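Chemist: Handing you a structure now.
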Amino acid sequence: QLSGSAFTCPRSTNKRSWLYRILPSVSHKPFESTDQGHVTHNWDEVDPDPNQLRWKPFEIPKASQKKVDFVSGLHTLCGAGDIKSNNGLAIHIFLCNTSMGDRCFYNSDGDFLIVPQKGKLLIYTEFGKMLVQPNEICVIQRGMRFSVDVFEETRGYILEVYGVHFELPDLGPIGANGLANPRDFLIPVAWYEDRQVPGGYTVINKYQGKLFAAKQNVSPFNVVAWHGNYTPYKYNLENFMVINAVAFDHADPSIFTVLTAKSLRPGVAIADFVIFPPRWGVADKTFRPPYYHRNCMSEFMGLIKGHYEAKEGGFLPGGGSLHSAMTPHGPDANCFEKASKANLVPERIADGTMAFMFESSLSMAVTKWGLKTSNCLDDNYYKCWEPLKSHFTSNSR
């Protein structure tokens, strides 16, 4: 049995699955510390930085120069909280160019929400296989072993949450249907391999933020059948049912929430996964792009494809931005001028685009890799707001 919750949790939140396998997963040599790469949970590596931060597309290593798989290509960008007390989150970037082969990974610390941006992922899990392509997401929950095959130089984003699981947000007055509907989430069917790998299969475990490796003689994907409600799953972002303002003003961006990881405070999330998909803009007497904002939450944004409406210039697919708690942010000067003069007729927004946001109630710290080693930080980000000018006249009505 694989338990994703305490035995005594209420039935509505009790998560467990029974896996019928050829050999039990305990059949391995002892775990030993292994190369940590760029994975960290040390949120005090560098001093805090409240500035608006933006990263150019993170560079994928060339396979001809160095082979890097999913695990060795993990890079922690930012995070907050404490792994040992099961409270917090981390944001990682994965940059890889080769398949994992006879290696698998599992996370004792939390759930991985994986957002591929370039290149598809063929993910082998103990529950079966999933093919996850850009504009899809998948969630590998805590403790589940998986291996990743790639077919080209591949890049993406990961939101990791400690101690809680992702779930669909409550809909309130929206009603029974809307946003991400349960019917569109897919889970694997059982698939197994009865394969001997004498002393050559490596199981990598992330435990208390550190990586450990153990050897075993058989494939870990030897589960012939399973049943339960604790599984990996995937979702196609095109299936999101968009809801928007159809008269005037802005609806809060929480209407774009796909999944949430709740905290103990009602209505406050450890992390939300939010998308900004293609949709119609029809609001009248309204500045339609995202408004200028200071937020008690931390907002990390990424771009899977296309051009984000509020910053069509420097915010590029495969890059990202972080606007920390109470740091002001909003559309760049070009977007402001264009939208302020636009004729407010119904128009399509974000066609061919998919931007997303990892939002958290925690104040996130950026790692040394994010600020320095990656060499992708855009030092000129602040300049996108410098051309903003006053249009105020004191005698206008």
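Here's how to read the names in the structure tokens: chain A, B, ... by the order shown, residue numbers from 1 in each chain, ligand numbers from 1 in the order shown.
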Any idea what's packed within 12 Å of Ala339 in chain A, counting only C-alpha atoms, ignoring anything in its chain fewer than 4 positions away? Could you give it as number ranges by chain?
Modeler: A: 281, 285-291, 309-310, 331-335, 343-345
Chemist: Could those residues be written to a file, using N, CA, C and O atoms, as a PDB file, in the first residue's frame?
Modeler:
```pdb
ATOM      1  N   GLY A 281     -12.214  39.000 -24.602  1.00  0.00           N
ATOM      2  CA  GLY A 281     -12.262  40.182 -23.758  1.00  0.00           C
ATOM      3  C   GLY A 281     -13.403  41.065 -24.219  1.00  0.00           C
ATOM      4  O   GLY A 281     -13.433  41.497 -25.387  1.00  0.00           O
ATOM      5  N   LYS A 285     -15.769  50.020 -20.513  1.00  0.00           N
ATOM      6  CA  LYS A 285     -15.349  51.032 -19.543  1.00  0.00           C
ATOM      7  C   LYS A 285     -14.302  50.473 -18.582  1.00  0.00           C
ATOM      8  O   LYS A 285     -14.339  50.726 -17.369  1.00  0.00           O
ATOM      9  N   THR A 286     -13.358  49.716 -19.118  1.00  0.00           N
ATOM     10  CA  THR A 286     -12.401  48.970 -18.293  1.00  0.00           C
ATOM     11  C   THR A 286     -11.046  48.941 -18.983  1.00  0.00           C
ATOM     12  O   THR A 286     -10.957  48.749 -20.195  1.00  0.00           O
ATOM     13  N   PHE A 287      -9.980  49.132 -18.204  1.00  0.00           N
ATOM     14  CA  PHE A 287      -8.626  48.855 -18.694  1.00  0.00           C
ATOM     15  C   PHE A 287      -8.467  47.340 -18.668  1.00  0.00           C
ATOM     16  O   PHE A 287      -8.383  46.732 -17.592  1.00  0.00           O
ATOM     17  N   ARG A 288      -8.459  46.714 -19.825  1.00  0.00           N
ATOM     18  CA  ARG A 288      -8.622  45.261 -19.898  1.00  0.00           C
ATOM     19  C   ARG A 288      -7.396  44.438 -19.484  1.00  0.00           C
ATOM     20  O   ARG A 288      -7.561  43.346 -18.946  1.00  0.00           O
ATOM     21  N   PRO A 289      -6.182  44.882 -19.756  1.00  0.00           N
ATOM     22  CA  PRO A 289      -5.053  44.051 -19.305  1.00  0.00           C
ATOM     23  C   PRO A 289      -4.998  43.962 -17.785  1.00  0.00           C
ATOM     24  O   PRO A 289      -5.723  44.672 -17.076  1.00  0.00           O
ATOM     25  N   PRO A 290      -4.144  43.082 -17.243  1.00  0.00           N
ATOM     26  CA  PRO A 290      -3.991  43.015 -15.784  1.00  0.00           C
ATOM     27  C   PRO A 290      -3.664  44.396 -15.219  1.00  0.00           C
ATOM     28  O   PRO A 290      -2.872  45.147 -15.787  1.00  0.00           O
ATOM     29  N   TYR A 291      -4.294  44.718 -14.107  1.00  0.00           N
ATOM     30  CA  TYR A 291      -4.110  46.034 -13.501  1.00  0.00           C
ATOM     31  C   TYR A 291      -2.802  46.085 -12.713  1.00  0.00           C
ATOM     32  O   TYR A 291      -2.208  45.064 -12.391  1.00  0.00           O
ATOM     33  N   GLU A 309       0.041  38.990 -22.816  1.00  0.00           N
ATOM     34  CA  GLU A 309      -0.573  40.259 -23.203  1.00  0.00           C
ATOM     35  C   GLU A 309       0.006  41.481 -22.496  1.00  0.00           C
ATOM     36  O   GLU A 309       0.086  42.559 -23.076  1.00  0.00           O
ATOM     37  N   ALA A 310       0.425  41.330 -21.240  1.00  0.00           N
ATOM     38  CA  ALA A 310       0.866  42.496 -20.480  1.00  0.00           C
ATOM     39  C   ALA A 310       2.332  42.843 -20.708  1.00  0.00           C
ATOM     40  O   ALA A 310       2.766  43.933 -20.343  1.00  0.00           O
ATOM     41  N   PRO A 331       1.350  45.850 -16.191  1.00  0.00           N
ATOM     42  CA  PRO A 331       1.687  45.924 -17.615  1.00  0.00           C
ATOM     43  C   PRO A 331       2.847  46.869 -17.877  1.00  0.00           C
ATOM     44  O   PRO A 331       3.027  47.885 -17.186  1.00  0.00           O
ATOM     45  N   ASP A 332       3.626  46.561 -18.904  1.00  0.00           N
ATOM     46  CA  ASP A 332       4.709  47.467 -19.283  1.00  0.00           C
ATOM     47  C   ASP A 332       4.128  48.697 -19.971  1.00  0.00           C
ATOM     48  O   ASP A 332       2.920  48.791 -20.236  1.00  0.00           O
ATOM     49  N   ALA A 333       4.981  49.666 -20.242  1.00  0.00           N
ATOM     50  CA  ALA A 333       4.517  50.951 -20.776  1.00  0.00           C
ATOM     51  C   ALA A 333       3.828  50.798 -22.122  1.00  0.00           C
ATOM     52  O   ALA A 333       2.801  51.438 -22.392  1.00  0.00           O
ATOM     53  N   ASN A 334       4.350  49.933 -22.989  1.00  0.00           N
ATOM     54  CA  ASN A 334       3.741  49.738 -24.306  1.00  0.00           C
ATOM     55  C   ASN A 334       2.330  49.188 -24.193  1.00  0.00           C
ATOM     56  O   ASN A 334       1.406  49.629 -24.883  1.00  0.00           O
ATOM     57  N   CYS A 335       2.156  48.214 -23.306  1.00  0.00           N
ATOM     58  CA  CYS A 335       0.830  47.638 -23.106  1.00  0.00           C
ATOM     59  C   CYS A 335      -0.140  48.680 -22.550  1.00  0.00           C
ATOM     60  O   CYS A 335      -1.289  48.766 -22.976  1.00  0.00           O
ATOM     61  N   ASN A 343     -10.073  50.692 -28.901  1.00  0.00           N
ATOM     62  CA  ASN A 343     -11.525  50.714 -29.047  1.00  0.00           C
ATOM     63  C   ASN A 343     -12.082  49.465 -28.385  1.00  0.00           C
ATOM     64  O   ASN A 343     -11.719  48.337 -28.754  1.00  0.00           O
ATOM     65  N   LEU A 344     -12.932  49.614 -27.381  1.00  0.00           N
ATOM     66  CA  LEU A 344     -13.342  48.485 -26.557  1.00  0.00           C
ATOM     67  C   LEU A 344     -14.445  47.670 -27.223  1.00  0.00           C
ATOM     68  O   LEU A 344     -15.609  47.660 -26.808  1.00  0.00           O
ATOM     69  N   VAL A 345     -14.066  46.988 -28.280  1.00  0.00           N
ATOM     70  CA  VAL A 345     -14.954  46.041 -28.941  1.00  0.00           C
ATOM     71  C   VAL A 345     -14.576  44.636 -28.471  1.00  0.00           C
ATOM     72  O   VAL A 345     -13.461  44.417 -27.971  1.00  0.00           O
TER      73      VAL A 345
END
```
Chemist: Residues near Ala271 in chain A, anyone? I mean within 9 Å using only C-alpha atoms, not counting same-chain ones fewer than 2 positions away, as a ChimeraX atom specification.
Modeler: /A:88-89,159-161,166,259-263,268-269,273,358-362
Chemist: Please identify all polymer residues within 10 Å of Lys84 in chain A, counting only C-alpha atoms, omitting same-chain residues fewer than 4 positions from it, and present them as a PDB file with C-alpha atoms, in the first residue's frame.
Modeler:
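Final output, out.pdb:
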```
ATOM      1  CA  GLY A  88       6.168  25.132   2.222  1.00  0.00           C
ATOM      2  CA  ASP A 109       9.129  15.741   0.623  1.00  0.00           C
ATOM      3  CA  TYR A 162       5.288  20.030   1.033  1.00  0.00           C
ATOM      4  CA  GLY A 163       2.824  18.202   3.256  1.00  0.00           C
ATOM      5  CA  TYR A 207      14.454  13.367   1.391  1.00  0.00           C
ATOM      6  CA  GLN A 208      14.582  16.496   3.567  1.00  0.00           C
ATOM      7  CA  GLY A 209      15.777  18.414   0.519  1.00  0.00           C
TER       8      GLY A 209
END
```
Chemist: Might you pull out every residue within 10 Å of range 48-59 of chain A, with only C-alpha atoms counted and same-chain residues fewer than 5 positions away left off, and present them as JSON, numbers by chain?
Modeler: {"A": [43, 93, 94, 95, 96, 153, 154, 155, 156, 300, 301, 302, 303, 314, 315, 316, 317, 318, 319, 320, 321, 322, 323, 324, 325, 326, 327, 328, 329, 363, 364, 365, 366, 367, 370, 371, 374, 375, 376, 377, 378, 379, 380, 381, 382]}
Chemist: Go through A:Cys78, A:Ile60, A:Val224, A:Val148 one by one, measure the shortest atom-to-atom distance of each to Gln117 in chain A using only C-alpha atoms, and give the residue with the smallest value.
Modeler: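 Of A:Cys78, A:Ile60, A:Val224, A:Val148, the one nearest Gln117 in chain A, counting only C-alpha atoms, is A:Ile60.
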Chemist: Once DSSP has gone over the backbone, tell me which residues of range 129-329 of chain A are in helix (DSSP H, G or I), as a PyMOL selection string.
Modeler: chain A and resi 172-174+182-184+237-239+253-256
Chemist: Identify, on the basis of only C-alpha atoms, every residue whose closest approach to Lys120 in chain A does not exceed 8 Å; exclude the query and any residue fewer than 6 positions from it along the same chain; express the result as a CSV table (one decimal) with C-alpha atoms, in the first residue's frame.
Modeler:
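File around32.csv, as written:
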```csv
chain,number,residue,atom,x,y,z
A,131,LEU,CA,2.8,11.1,-22.3
A,132,VAL,CA,2.8,14.7,-21.2
A,133,GLN,CA,3.3,17.4,-23.9
A,134,PRO,CA,3.7,21.2,-23.7
A,150,VAL,CA,12.8,12.8,-23.5
A,151,PHE,CA,13.1,13.0,-27.3
A,154,THR,CA,13.7,19.6,-23.1
```
Chemist: Find the residue from A:Ser147, A:Asn42, A:Thr393, A:Ser99 that sits nearest to Leu77 in chain A; use only C-alpha atoms when measuring.
Modeler: A:Asn42
Chemist: What's around range 63-73 of chain A at 12 Å? Count only C-alpha atoms, leave out sequence neighbours fewer than 6 positions away in its own chain, and write the answer as a PyMOL selection string.
Modeler: chain A and resi 34-39+92-107+114+116+121-123+146-158+202-206+211-213
Chemist: Counting only C-alpha atoms, which of A:Gly119, A:Pro169, A:Gly4, A:Gly200 gets nearest to Arg142 in chain A?
Modeler: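 Using only C-alpha atoms, Arg142 in chain A sits closest to A:Gly4.
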Chemist: Counting only C-alpha atoms, which of A:Ala176, A:Cys384, A:Val282, A:Met357 gets nearest to Gly313 in chain A?
Modeler: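 Using only C-alpha atoms, Gly313 in chain A sits closest to A:Cys384.
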